[in-house]
Every structure is written in structure tokens, then in C-alpha cells.
>>> print(open('work.cif').read())   # mmCIF, C-alpha atoms and all ligand atoms
data_upload
#
loop_
_atom_site.label_atom_id
_atom_site.label_comp_id
_atom_site.auth_asym_id
_atom_site.auth_seq_id
_atom_site.Cartn_x
_atom_site.Cartn_y
_atom_site.Cartn_z
CA MET A 12 43.70 -39.15 -166.89
CA ILE A 13 45.68 -39.18 -163.62
CA THR A 14 43.73 -38.81 -160.39
CA GLY A 15 45.54 -37.88 -157.18
CA ILE A 16 44.30 -37.96 -153.59
CA TYR A 17 45.48 -35.43 -151.04
CA PRO A 18 44.28 -36.93 -147.73
CA GLY A 19 44.35 -35.42 -144.27
CA THR A 20 42.54 -34.46 -141.11
CA PHE A 21 42.33 -30.76 -142.08
CA ASP A 22 41.22 -29.60 -138.61
CA PRO A 23 41.26 -26.95 -140.05
CA ILE A 24 42.88 -26.34 -143.45
CA THR A 25 45.91 -24.01 -143.31
CA ASN A 26 47.66 -21.98 -145.99
CA GLY A 27 50.33 -24.69 -145.98
CA HIS A 28 47.73 -27.27 -147.05
CA LEU A 29 46.34 -24.84 -149.59
CA ASP A 30 49.75 -24.30 -151.16
CA LEU A 31 50.21 -28.07 -151.50
CA ILE A 32 46.75 -28.45 -153.01
CA GLU A 33 47.51 -25.78 -155.59
CA ARG A 34 50.93 -27.21 -156.47
CA GLY A 35 49.66 -30.80 -156.36
CA SER A 36 46.79 -29.98 -158.69
CA HIS A 37 49.30 -29.14 -161.43
CA LEU A 38 50.77 -32.65 -161.24
CA VAL A 39 47.53 -34.53 -161.90
CA ASP A 40 44.43 -34.15 -164.05
CA ARG A 41 42.09 -34.36 -161.06
CA LEU A 42 42.92 -33.85 -157.40
CA VAL A 43 40.58 -35.13 -154.71
CA VAL A 44 41.23 -33.50 -151.35
CA SER A 45 39.79 -35.96 -148.89
CA VAL A 46 39.06 -35.49 -145.20
CA LEU A 47 39.48 -38.44 -142.85
CA LYS A 48 36.31 -39.09 -140.82
CA ASN A 49 38.24 -39.49 -137.57
CA GLU A 50 35.63 -38.45 -135.04
CA HIS A 51 37.37 -40.56 -132.37
CA LYS A 52 40.25 -38.05 -132.51
CA HIS A 53 37.77 -35.40 -131.30
CA PRO A 54 38.52 -32.81 -133.97
CA LEU A 55 37.61 -29.19 -133.22
CA PHE A 56 35.50 -29.04 -136.38
CA SER A 57 32.99 -31.63 -137.57
CA LEU A 58 33.53 -33.45 -140.82
CA ASP A 59 30.97 -31.22 -142.54
CA GLU A 60 32.65 -28.08 -141.20
CA ARG A 61 36.10 -29.25 -142.31
CA LYS A 62 34.75 -30.08 -145.77
CA ALA A 63 32.96 -26.73 -146.01
CA MET A 64 36.14 -24.79 -145.14
CA LEU A 65 38.10 -26.79 -147.71
CA GLY A 66 35.42 -26.27 -150.33
CA GLU A 67 35.49 -22.51 -149.79
CA ALA A 68 39.30 -22.45 -149.91
CA VAL A 69 39.65 -24.43 -153.16
CA SER A 70 36.66 -22.93 -154.98
CA GLY A 71 38.94 -20.96 -157.32
CA LEU A 72 41.06 -23.97 -158.28
CA GLY A 73 40.16 -26.04 -161.32
CA ALA A 74 40.10 -29.85 -161.20
CA VAL A 75 40.10 -29.96 -157.39
CA GLU A 76 37.30 -31.77 -155.54
CA VAL A 77 36.59 -32.13 -151.83
CA ASP A 78 35.48 -35.46 -150.40
CA SER A 79 35.79 -37.55 -147.23
CA PHE A 80 36.76 -41.12 -146.43
CA ASP A 81 37.12 -43.68 -143.70
CA GLY A 82 38.78 -47.10 -143.70
CA LEU A 83 42.02 -47.74 -145.56
CA LEU A 84 43.30 -44.85 -147.62
CA VAL A 85 44.54 -47.12 -150.42
CA ASP A 86 41.12 -48.79 -150.74
CA TYR A 87 39.47 -45.39 -150.93
CA ALA A 88 42.06 -44.19 -153.48
CA ALA A 89 41.52 -47.27 -155.65
CA ALA A 90 37.73 -46.80 -155.50
CA LYS A 91 38.25 -43.22 -156.71
CA GLY A 92 40.42 -44.42 -159.59
CA ALA A 93 43.46 -42.64 -158.11
CA THR A 94 47.02 -43.80 -158.70
CA ILE A 95 48.76 -41.10 -156.68
CA ILE A 96 48.61 -40.05 -153.04
CA ILE A 97 50.08 -36.61 -152.40
CA ARG A 98 51.57 -35.75 -149.01
CA GLY A 99 53.54 -32.77 -147.81
CA ILE A 100 56.74 -32.80 -145.78
CA ARG A 101 57.58 -29.76 -143.68
CA ALA A 102 60.66 -30.85 -141.77
CA VAL A 103 62.74 -33.93 -141.04
CA SER A 104 60.37 -34.63 -138.15
CA ASP A 105 57.55 -35.36 -140.63
CA TYR A 106 59.69 -37.79 -142.60
CA GLU A 107 59.60 -40.82 -140.31
CA TYR A 108 55.81 -40.89 -140.00
CA GLU A 109 55.35 -40.23 -143.70
CA LEU A 110 57.86 -42.90 -144.71
CA GLN A 111 56.10 -45.46 -142.53
CA MET A 112 52.70 -44.62 -144.01
CA ALA A 113 54.00 -44.56 -147.58
CA LEU A 114 55.68 -47.96 -147.20
CA MET A 115 52.61 -49.48 -145.53
CA ASN A 116 50.38 -48.08 -148.25
CA ARG A 117 52.72 -49.46 -150.93
CA ARG A 118 52.62 -52.87 -149.33
CA LEU A 119 48.82 -52.72 -149.23
CA ASN A 120 48.53 -51.56 -152.83
CA PRO A 121 51.71 -51.30 -154.95
CA ALA A 122 49.75 -49.70 -157.81
CA ILE A 123 49.36 -46.49 -155.81
CA GLU A 124 52.41 -44.26 -155.53
CA THR A 125 52.90 -41.71 -152.74
CA VAL A 126 54.34 -38.46 -154.03
CA PHE A 127 55.89 -36.05 -151.53
CA LEU A 128 55.96 -32.30 -151.98
CA MET A 129 58.21 -30.17 -149.81
CA ALA A 130 56.20 -27.55 -147.95
CA HIS A 131 56.84 -24.01 -149.11
CA GLU A 132 59.39 -22.31 -146.85
CA ASN A 133 56.84 -19.60 -146.00
CA TYR A 134 54.52 -22.23 -144.56
CA SER A 135 56.79 -24.98 -143.27
CA PHE A 136 56.24 -24.03 -139.62
CA ILE A 137 52.44 -24.04 -139.80
CA SER A 138 50.33 -26.83 -138.36
CA SER A 139 46.61 -26.98 -137.61
CA ARG A 140 47.46 -27.78 -133.99
CA LEU A 141 49.67 -24.71 -133.51
CA VAL A 142 47.23 -22.41 -135.26
CA LYS A 143 44.50 -23.50 -132.83
CA GLU A 144 46.82 -22.99 -129.87
CA VAL A 145 47.87 -19.50 -130.98
CA ILE A 146 44.25 -18.39 -131.56
CA LYS A 147 43.20 -19.77 -128.18
CA LEU A 148 45.95 -17.75 -126.49
CA GLY A 149 45.04 -14.54 -128.30
CA GLY A 150 47.79 -14.55 -130.97
CA ASN A 151 47.51 -13.40 -134.56
CA VAL A 152 47.22 -16.09 -137.25
CA SER A 153 46.40 -13.91 -140.23
CA GLY A 154 48.28 -15.13 -143.29
CA LEU A 155 48.56 -18.63 -141.83
CA VAL A 156 45.03 -19.79 -142.62
CA PRO A 157 42.43 -18.60 -145.15
CA ALA A 158 40.33 -15.66 -143.87
CA ASN A 159 37.16 -17.78 -143.65
CA VAL A 160 39.01 -20.30 -141.49
CA GLU A 161 40.37 -17.59 -139.20
CA ALA A 162 36.82 -16.29 -138.69
CA ARG A 163 35.51 -19.78 -137.88
CA LEU A 164 38.40 -20.44 -135.49
CA LYS A 165 37.73 -17.21 -133.61
CA ALA A 166 34.02 -18.00 -133.40
CA ARG A 167 34.66 -21.53 -132.13
CA LEU A 168 37.55 -20.88 -129.77
CA LEU A 169 36.94 -17.33 -128.60
CA GLY A 170 33.17 -17.08 -129.04
CA ARG A 171 33.39 -14.05 -131.31
O1 LIG A 201 46.55 -34.84 -141.75
P1 LIG A 201 47.00 -36.15 -141.16
O2 LIG A 201 46.30 -36.37 -139.84
O3 LIG A 201 48.49 -36.25 -141.05
O4 LIG A 201 46.53 -37.31 -142.17
C1 LIG A 201 46.71 -38.65 -141.84
C2 LIG A 201 46.02 -39.60 -142.87
C3 LIG A 201 44.56 -39.23 -143.04
C4 LIG A 201 46.72 -39.49 -144.20
C5 LIG A 201 46.17 -41.04 -142.30
O5 LIG A 201 45.74 -41.06 -140.97
C6 LIG A 201 45.40 -42.09 -143.10
O6 LIG A 201 45.68 -42.33 -144.24
N1 LIG A 201 44.40 -42.72 -142.47
C7 LIG A 201 43.59 -43.73 -143.07
C8 LIG A 201 43.81 -45.12 -142.45
C9 LIG A 201 44.85 -45.94 -143.17
O7 LIG A 201 44.79 -46.12 -144.37
N2 LIG A 201 45.83 -46.46 -142.41
C10 LIG A 201 46.84 -47.38 -142.88
C11 LIG A 201 47.88 -46.76 -143.77
S1 LIG A 201 49.25 -46.08 -142.96
#
>>> encode(input="work.cif", output="C-alpha cells")
Amino acid sequence: MITGIYPGTFDPITNGHLDLIERGSHLVDRLVVSVLKNEHKHPLFSLDERKAMLGEAVSGLGAVEVDSFDGLLVDYAAAKGATIIIRGIRAVSDYEYELQMALMNRRLNPAIETVFLMAHENYSFISSRLVKEVIKLGGNVSGLVPANVEARLKARLLGR
């Protein structure tokens, strides 16, 4: 029974995240998608809102759970019985940050392996930050985030 953790801020979940969740779920028996409780980063959506959007987006996927964590990721992963951390890489620019985190996490707990998935080419330009910016400026983000997320973004950022 292999448990994987797919951690992130998910402010909010995008179709790029969703693609990685779906593909990652085929690599493990149980995938826990876990939202970092980083309120000091002033996310647009509260932890509960981010979890709710994730829950709605993954409801059709088997063996995928939504949870949250704070503190060290490797400690949380170990407490969940996970041996794999899944992260996505979109472009070379993601690599440096991801390498640093993966090596730090390995030093902290060598029993947990970070597995990288390349973002799908259709989604490799999407980020939560850009999606928020485009919505705020009146652009169209359909196809970049799940429909429920688009609706919540419009309500929060445009008041409609
Ligand atoms: O979606 P993000 O913001 O790129 O996700 C970053 C995340 C949540 C994976 C990272 O910030 C994290 O693991 N935070 C937990 C704190 C921790 O364990 N830090 C030391 C390891 S580098």
C-alpha cells in the first residue's frame, strides 16, 4: 500500500494541478492532496475554501483525499504513512526551487522520495498567480481552472 502526498498552496487549484493529481493517483494506492496552512502568505482563499475547491475538483477520482498541514512536510508525510511526495515541474524555472526542496526533504527524511511529474504541455503555462491576475484584469480563464473555481474567483475578485 503506497501512499503519496501532493502538497501545495492551491490558491486556488488549477487544471494543471488537477492533471497532476489525476496522473499522480495512478502511481500510488492512495494520494493525499494536502493544502499548506500558510495564512501568513495572505492567500486569496481561506484554508477551508481552498480545501472545498479541491474536494469538489477531485470528487470523481478514486483513492484521492484532501487534507491540510502545517510544519515540516516530511513530518506530516511520515505521520500519514506516505513514502512519496509528488511535485510537478512546468519549466526549467521551477527546477531550482524544486531541487532545493527535494534535497532538503531527503536530508530531513531519506525514507521519503520526491517524485516529479512534468506538467502537461497544455497546462505548463498556468499558475494560480497568473490566473488571479488575468481574472482581475477582465481576461478569460475558462479551461484553465475548474468551472467551480472560476465562479469563486469571479465572485471574490470581481464581486459577481
Ligand atoms: O504550491 P507551493 O506553494 O509551491 O507549495 C510549496 C510547499 C507547500 C510544497 C512547501 O512550501 C512546503 O513543503 N512547505 C512546508 C514547510 C517545509 O517542510 N519546509 C522545509 C522543506 S523545503
>>> atom_distance(input="work.cif", atom1="CA of Ala158 in chain A", atom2="CA of Ile97 in chain A")
24.6 Å
>>> residues_around(input="work.cif", residues="range 122-135 of chain A", least_positions_apart="2", cutoff="9 Å", atoms="all atoms listed in the file", output="ChimeraX atom specification")
/A:25-28,30-31,34-35,85,88-89,93-102,109,113-114,116-117,120,137-138,155
>>> write_last_selection(input="work.cif", atoms="C-alpha atoms", output="PDB file, keeping the file's coordinate frame")
ATOM      1  CA  THR A  25      45.910 -24.010-143.310  1.00  0.00           C
ATOM      2  CA  ASN A  26      47.660 -21.980-145.990  1.00  0.00           C
ATOM      3  CA  GLY A  27      50.330 -24.690-145.980  1.00  0.00           C
ATOM      4  CA  HIS A  28      47.730 -27.270-147.050  1.00  0.00           C
ATOM      5  CA  ASP A  30      49.750 -24.300-151.160  1.00  0.00           C
ATOM      6  CA  LEU A  31      50.210 -28.070-151.500  1.00  0.00           C
ATOM      7  CA  ARG A  34      50.930 -27.210-156.470  1.00  0.00           C
ATOM      8  CA  GLY A  35      49.660 -30.800-156.360  1.00  0.00           C
ATOM      9  CA  VAL A  85      44.540 -47.120-150.420  1.00  0.00           C
ATOM     10  CA  ALA A  88      42.060 -44.190-153.480  1.00  0.00           C
ATOM     11  CA  ALA A  89      41.520 -47.270-155.650  1.00  0.00           C
ATOM     12  CA  ALA A  93      43.460 -42.640-158.110  1.00  0.00           C
ATOM     13  CA  THR A  94      47.020 -43.800-158.700  1.00  0.00           C
ATOM     14  CA  ILE A  95      48.760 -41.100-156.680  1.00  0.00           C
ATOM     15  CA  ILE A  96      48.610 -40.050-153.040  1.00  0.00           C
ATOM     16  CA  ILE A  97      50.080 -36.610-152.400  1.00  0.00           C
ATOM     17  CA  ARG A  98      51.570 -35.750-149.010  1.00  0.00           C
ATOM     18  CA  GLY A  99      53.540 -32.770-147.810  1.00  0.00           C
ATOM     19  CA  ILE A 100      56.740 -32.800-145.780  1.00  0.00           C
ATOM     20  CA  ARG A 101      57.580 -29.760-143.680  1.00  0.00           C
ATOM     21  CA  ALA A 102      60.660 -30.850-141.770  1.00  0.00           C
ATOM     22  CA  GLU A 109      55.350 -40.230-143.700  1.00  0.00           C
ATOM     23  CA  ALA A 113      54.000 -44.560-147.580  1.00  0.00           C
ATOM     24  CA  LEU A 114      55.680 -47.960-147.200  1.00  0.00           C
ATOM     25  CA  ASN A 116      50.380 -48.080-148.250  1.00  0.00           C
ATOM     26  CA  ARG A 117      52.720 -49.460-150.930  1.00  0.00           C
ATOM     27  CA  ASN A 120      48.530 -51.560-152.830  1.00  0.00           C
ATOM     28  CA  ILE A 137      52.440 -24.040-139.800  1.00  0.00           C
ATOM     29  CA  SER A 138      50.330 -26.830-138.360  1.00  0.00           C
ATOM     30  CA  LEU A 155      48.560 -18.630-141.830  1.00  0.00           C
TER      31      LEU A 155
END
>>> closest_atom_pairs(input="work.cif", of="chain A", to="ligand LIG 201 (chain A)", cutoff="6 Å", atoms="all atoms listed in the file", output="CSV")
residue,atom,partner,partner_atom,distance
A:Pro18,CA,A:LIG201,C4,5.0
A:Gly19,CA,A:LIG201,O1,3.4
A:Thr20,CA,A:LIG201,O1,4.1
A:Phe21,CA,A:LIG201,O1,5.9
A:Leu47,CA,A:LIG201,C3,5.1
A:Gly82,CA,A:LIG201,C8,5.5
A:Leu83,CA,A:LIG201,O7,3.4
A:Leu84,CA,A:LIG201,O7,3.8
A:Met112,CA,A:LIG201,S1,3.9
A:Met115,CA,A:LIG201,S1,5.4
A:Asn116,CA,A:LIG201,C11,5.3
>>> closest_atom_pairs(input="work.cif", of="range 88-142 of chain A", to="range 50-56 of chain A", cutoff="12 Å", atoms="only C-alpha atoms", output="CSV")
residue,atom,partner,partner_atom,distance
A:Ser139,CA,A:Leu55,CA,10.3
A:Arg140,CA,A:Leu55,CA,10.0
A:Val142,CA,A:Leu55,CA,11.9
>>> residues_around(input="work.cif", residues="Gly150 in chain A", least_positions_apart="6", cutoff="12 Å", atoms="only C-alpha atoms", output="compact mmCIF listing (two decimals) with C-alpha atoms, in the frame of the given file")
# COMPACT_ATOMS: atom_id res chain seq x y z
CA LEU A 141 49.67 -24.71 -133.51
CA VAL A 142 47.23 -22.41 -135.26
CA LYS A 143 44.50 -23.50 -132.83
CA GLU A 144 46.82 -22.99 -129.87
CA GLU A 161 40.37 -17.59 -139.20
CA LEU A 164 38.40 -20.44 -135.49
CA LYS A 165 37.73 -17.21 -133.61
CA LEU A 169 36.94 -17.33 -128.60
>>> atom_distance(input="work.cif", atom1="CA of Arg41 in chain A", atom2="CA of Gly15 in chain A")
6.3 Å
>>> atom_distance(input="work.cif", atom1="CA of Asp78 in chain A", atom2="CA of Ser45 in chain A")
4.6 Å
>>> closest_residue(input="work.cif", among="A:Glu33, A:Gly73, A:Thr14, A:Glu60", to="Lys91 in chain A", atoms="all atoms listed in the file")
A:Thr14
>>> closest_residue(input="work.cif", among="A:Val43, A:Leu58, A:Ala90, A:Val77", to="Asp22 in chain A", atoms="only C-alpha atoms")
A:Leu58
>>> closest_residue(input="work.cif", among="A:Tyr17, A:Val39, A:Leu168, A:Ile32", to="Ser70 in chain A", atoms="all atoms listed in the file")
A:Ile32
>>> closest_residue(input="work.cif", among="A:Leu42, A:Val103, A:Ile24, A:Met12", to="Val160 in chain A", atoms="only C-alpha atoms")
A:Ile24
